[in-house]
Amino acid sequence: MARTSDDHGGRLELLQGTLDMLILRTLQWGPQHGHGIGQAIQSQSDDRLKVETGSLYPALHRLVKRGWLKWEWDVSEANQRAKYYRLTPAGKAQLSREKDRWSQLVTAIGRIMNPSATSE
């Protein structure tokens, strides 16, 4: 699973479905092979999120099965044959829905964690 380090050196798992959204977002910038997707998520999160292989590839297969991604064989930067994944139009639409859902979730949790002085 994609995990993040907390202040105590432990690991926290992402909310269910978040990895799918991160994969879709990463592929919005263009086709990428699986290892590159994991590296991009880690890099974009300032090394706070690390996607384990055992979570990444099942997620990619699930997204292909749902029609949100397509893949094709190509040659990687390391000159090796690799599956490159890309967003489909349905995947772009799903990413938009996921972004809206995420925004609503963040707002709702924010209201609970930081209630305004007027509502106390």
# chains A, B, ... in the order shown; residues from 1 in each chain; ligands from 1
call {"tool": "select_by_dssp", "arguments": {"residues": "chain A", "states": "alpha helix (DSSP H)", "output": "PyMOL selection string"}}
result
chain A and resi 18-27+34-44+53-65+89-113
call {"tool": "residues_around", "arguments": {"residues": "segment 28-36 of chain A", "least_positions_apart": "6", "cutoff": "8 Å", "atoms": "only C-alpha atoms", "output": "list in words"}}
result
Leu56, Tyr57, Leu60, Ser76, Ala82, Lys83, Tyr84, Tyr85, Arg86, Leu87 and Lys92 of chain A
call {"tool": "write_last_selection", "arguments": {"atoms": "N, CA and C atoms", "output": "PDB file, in the first residue's frame"}}
result
ATOM      1  N   LEU A  56       0.858  -1.326  -5.963  1.00  0.00           N
ATOM      2  CA  LEU A  56       0.840  -0.582  -7.223  1.00  0.00           C
ATOM      3  C   LEU A  56       0.302  -1.409  -8.382  1.00  0.00           C
ATOM      4  N   TYR A  57       0.872  -2.573  -8.599  1.00  0.00           N
ATOM      5  CA  TYR A  57       0.488  -3.344  -9.788  1.00  0.00           C
ATOM      6  C   TYR A  57      -0.941  -3.875  -9.730  1.00  0.00           C
ATOM      7  N   LEU A  60      -2.978  -0.887 -10.739  1.00  0.00           N
ATOM      8  CA  LEU A  60      -2.917  -0.634 -12.182  1.00  0.00           C
ATOM      9  C   LEU A  60      -3.812  -1.602 -12.944  1.00  0.00           C
ATOM     10  N   SER A  76      11.801   1.263 -21.969  1.00  0.00           N
ATOM     11  CA  SER A  76      12.025   2.220 -20.889  1.00  0.00           C
ATOM     12  C   SER A  76      13.338   2.973 -21.083  1.00  0.00           C
ATOM     13  N   ALA A  82       8.885  -2.519 -21.287  1.00  0.00           N
ATOM     14  CA  ALA A  82       8.034  -2.204 -20.140  1.00  0.00           C
ATOM     15  C   ALA A  82       6.626  -1.865 -20.613  1.00  0.00           C
ATOM     16  N   LYS A  83       5.651  -2.124 -19.730  1.00  0.00           N
ATOM     17  CA  LYS A  83       4.270  -1.727 -19.984  1.00  0.00           C
ATOM     18  C   LYS A  83       4.138  -0.254 -19.625  1.00  0.00           C
ATOM     19  N   TYR A  84       3.653   0.516 -20.568  1.00  0.00           N
ATOM     20  CA  TYR A  84       3.398   1.931 -20.324  1.00  0.00           C
ATOM     21  C   TYR A  84       1.885   2.130 -20.215  1.00  0.00           C
ATOM     22  N   TYR A  85       1.468   2.790 -19.157  1.00  0.00           N
ATOM     23  CA  TYR A  85       0.051   3.038 -18.889  1.00  0.00           C
ATOM     24  C   TYR A  85      -0.276   4.467 -19.267  1.00  0.00           C
ATOM     25  N   ARG A  86      -1.511   4.661 -19.750  1.00  0.00           N
ATOM     26  CA  ARG A  86      -1.976   6.015 -20.065  1.00  0.00           C
ATOM     27  C   ARG A  86      -3.447   6.131 -19.718  1.00  0.00           C
ATOM     28  N   LEU A  87      -3.873   7.334 -19.441  1.00  0.00           N
ATOM     29  CA  LEU A  87      -5.281   7.604 -19.125  1.00  0.00           C
ATOM     30  C   LEU A  87      -6.151   7.453 -20.362  1.00  0.00           C
ATOM     31  N   LYS A  92      -9.852  10.094 -17.404  1.00  0.00           N
ATOM     32  CA  LYS A  92      -9.810  11.543 -17.169  1.00  0.00           C
ATOM     33  C   LYS A  92     -11.078  12.003 -16.451  1.00  0.00           C
TER      34      LYS A  92
END
call {"tool": "atom_distance", "arguments": {"atom1": "atom CA of Glu52 of chain A", "atom2": "atom CA of Ile37 of chain A"}}
result
11.2 Å
call {"tool": "closest_atom_pairs", "arguments": {"of": "segment 37-77 of chain A", "to": "segment 94-100 of chain A", "cutoff": "12 Å", "atoms": "only C-alpha atoms", "output": "Markdown table"}}
result
| residue | atom | partner | partner_atom | distance |
| --- | --- | --- | --- | --- |
| A:Leu63 | CA | A:Gln94 | CA | 10.3 |
| A:Arg66 | CA | A:Gln94 | CA | 10.3 |
| A:Gly67 | CA | A:Gln94 | CA | 10.1 |
| A:Trp68 | CA | A:Gln94 | CA | 7.4 |
| A:Leu69 | CA | A:Gln94 | CA | 10.5 |
call {"tool": "write_last_selection", "arguments": {"atoms": "N, CA and C atoms", "output": "CSV table (one decimal), in the first residue's frame"}}
result
chain,number,residue,atom,x,y,z
A,63,LEU,N,-7.4,-0.6,-12.5
A,63,LEU,CA,-7.8,0.6,-13.3
A,63,LEU,C,-7.9,0.3,-14.8
A,66,ARG,N,-11.3,-1.4,-15.2
A,66,ARG,CA,-12.4,-0.5,-15.1
A,66,ARG,C,-12.4,0.4,-16.4
A,67,GLY,N,-11.4,0.3,-17.2
A,67,GLY,CA,-11.4,1.1,-18.5
A,67,GLY,C,-10.8,2.5,-18.3
A,68,TRP,N,-10.2,2.8,-17.1
A,68,TRP,CA,-9.7,4.1,-16.9
A,68,TRP,C,-8.2,4.3,-17.4
A,69,LEU,N,-7.6,3.1,-17.6
A,69,LEU,CA,-6.2,3.1,-18.1
A,69,LEU,C,-6.1,2.1,-19.3
call {"tool": "atom_distance", "arguments": {"atom1": "atom CA of Leu19 of chain A", "atom2": "atom CA of Ala59 of chain A"}}
result
7.6 Å
call {"tool": "atom_distance", "arguments": {"atom1": "atom CA of Ser103 of chain A", "atom2": "atom CA of Gln42 of chain A"}}
result
21.2 Å
call {"tool": "select_by_dssp", "arguments": {"residues": "segment 38-118 of chain A", "states": "strand (DSSP E or B)", "output": "PyMOL selection string"}}
result
chain A and resi 49-51+69-75+81-87
call {"tool": "write_last_selection", "arguments": {"atoms": "N, CA and C atoms", "output": "PDB file, in the first residue's frame"}}
result
ATOM      1  N   LEU A  49       5.420   9.568   0.571  1.00  0.00           N
ATOM      2  CA  LEU A  49       4.597   8.425   0.164  1.00  0.00           C
ATOM      3  C   LEU A  49       5.454   7.454  -0.623  1.00  0.00           C
ATOM      4  N   LYS A  50       5.402   6.203  -0.254  1.00  0.00           N
ATOM      5  CA  LYS A  50       6.113   5.159  -0.981  1.00  0.00           C
ATOM      6  C   LYS A  50       5.093   4.107  -1.361  1.00  0.00           C
ATOM      7  N   VAL A  51       4.944   3.869  -2.645  1.00  0.00           N
ATOM      8  CA  VAL A  51       3.969   2.893  -3.120  1.00  0.00           C
ATOM      9  C   VAL A  51       4.668   1.544  -3.240  1.00  0.00           C
ATOM     10  N   LEU A  69      -7.574   3.128 -17.595  1.00  0.00           N
ATOM     11  CA  LEU A  69      -6.228   3.124 -18.145  1.00  0.00           C
ATOM     12  C   LEU A  69      -6.148   2.149 -19.298  1.00  0.00           C
ATOM     13  N   LYS A  70      -5.208   2.394 -20.201  1.00  0.00           N
ATOM     14  CA  LYS A  70      -4.817   1.446 -21.238  1.00  0.00           C
ATOM     15  C   LYS A  70      -3.312   1.298 -21.122  1.00  0.00           C
ATOM     16  N   TRP A  71      -2.804   0.200 -21.655  1.00  0.00           N
ATOM     17  CA  TRP A  71      -1.363   0.013 -21.618  1.00  0.00           C
ATOM     18  C   TRP A  71      -0.875  -0.480 -22.964  1.00  0.00           C
ATOM     19  N   GLU A  72       0.419  -0.274 -23.185  1.00  0.00           N
ATOM     20  CA  GLU A  72       1.067  -0.789 -24.389  1.00  0.00           C
ATOM     21  C   GLU A  72       2.540  -1.031 -24.056  1.00  0.00           C
ATOM     22  N   TRP A  73       3.149  -1.940 -24.771  1.00  0.00           N
ATOM     23  CA  TRP A  73       4.571  -2.224 -24.568  1.00  0.00           C
ATOM     24  C   TRP A  73       5.408  -1.140 -25.226  1.00  0.00           C
ATOM     25  N   ASP A  74       6.487  -0.767 -24.559  1.00  0.00           N
ATOM     26  CA  ASP A  74       7.451   0.188 -25.102  1.00  0.00           C
ATOM     27  C   ASP A  74       8.791  -0.088 -24.427  1.00  0.00           C
ATOM     28  N   VAL A  75       9.781   0.698 -24.766  1.00  0.00           N
ATOM     29  CA  VAL A  75      11.114   0.527 -24.188  1.00  0.00           C
ATOM     30  C   VAL A  75      11.353   1.641 -23.170  1.00  0.00           C
ATOM     31  N   ARG A  81      12.123  -3.561 -22.052  1.00  0.00           N
ATOM     32  CA  ARG A  81      10.715  -3.613 -22.438  1.00  0.00           C
ATOM     33  C   ARG A  81       9.857  -3.408 -21.188  1.00  0.00           C
ATOM     34  N   ALA A  82       8.885  -2.519 -21.287  1.00  0.00           N
ATOM     35  CA  ALA A  82       8.034  -2.204 -20.140  1.00  0.00           C
ATOM     36  C   ALA A  82       6.626  -1.865 -20.613  1.00  0.00           C
ATOM     37  N   LYS A  83       5.651  -2.124 -19.730  1.00  0.00           N
ATOM     38  CA  LYS A  83       4.270  -1.727 -19.984  1.00  0.00           C
ATOM     39  C   LYS A  83       4.138  -0.254 -19.625  1.00  0.00           C
ATOM     40  N   TYR A  84       3.653   0.516 -20.568  1.00  0.00           N
ATOM     41  CA  TYR A  84       3.398   1.931 -20.324  1.00  0.00           C
ATOM     42  C   TYR A  84       1.885   2.130 -20.215  1.00  0.00           C
ATOM     43  N   TYR A  85       1.468   2.790 -19.157  1.00  0.00           N
ATOM     44  CA  TYR A  85       0.051   3.038 -18.889  1.00  0.00           C
ATOM     45  C   TYR A  85      -0.276   4.467 -19.267  1.00  0.00           C
ATOM     46  N   ARG A  86      -1.511   4.661 -19.750  1.00  0.00           N
ATOM     47  CA  ARG A  86      -1.976   6.015 -20.065  1.00  0.00           C
ATOM     48  C   ARG A  86      -3.447   6.131 -19.718  1.00  0.00           C
ATOM     49  N   LEU A  87      -3.873   7.334 -19.441  1.00  0.00           N
ATOM     50  CA  LEU A  87      -5.281   7.604 -19.125  1.00  0.00           C
ATOM     51  C   LEU A  87      -6.151   7.453 -20.362  1.00  0.00           C
TER      52      LEU A  87
END
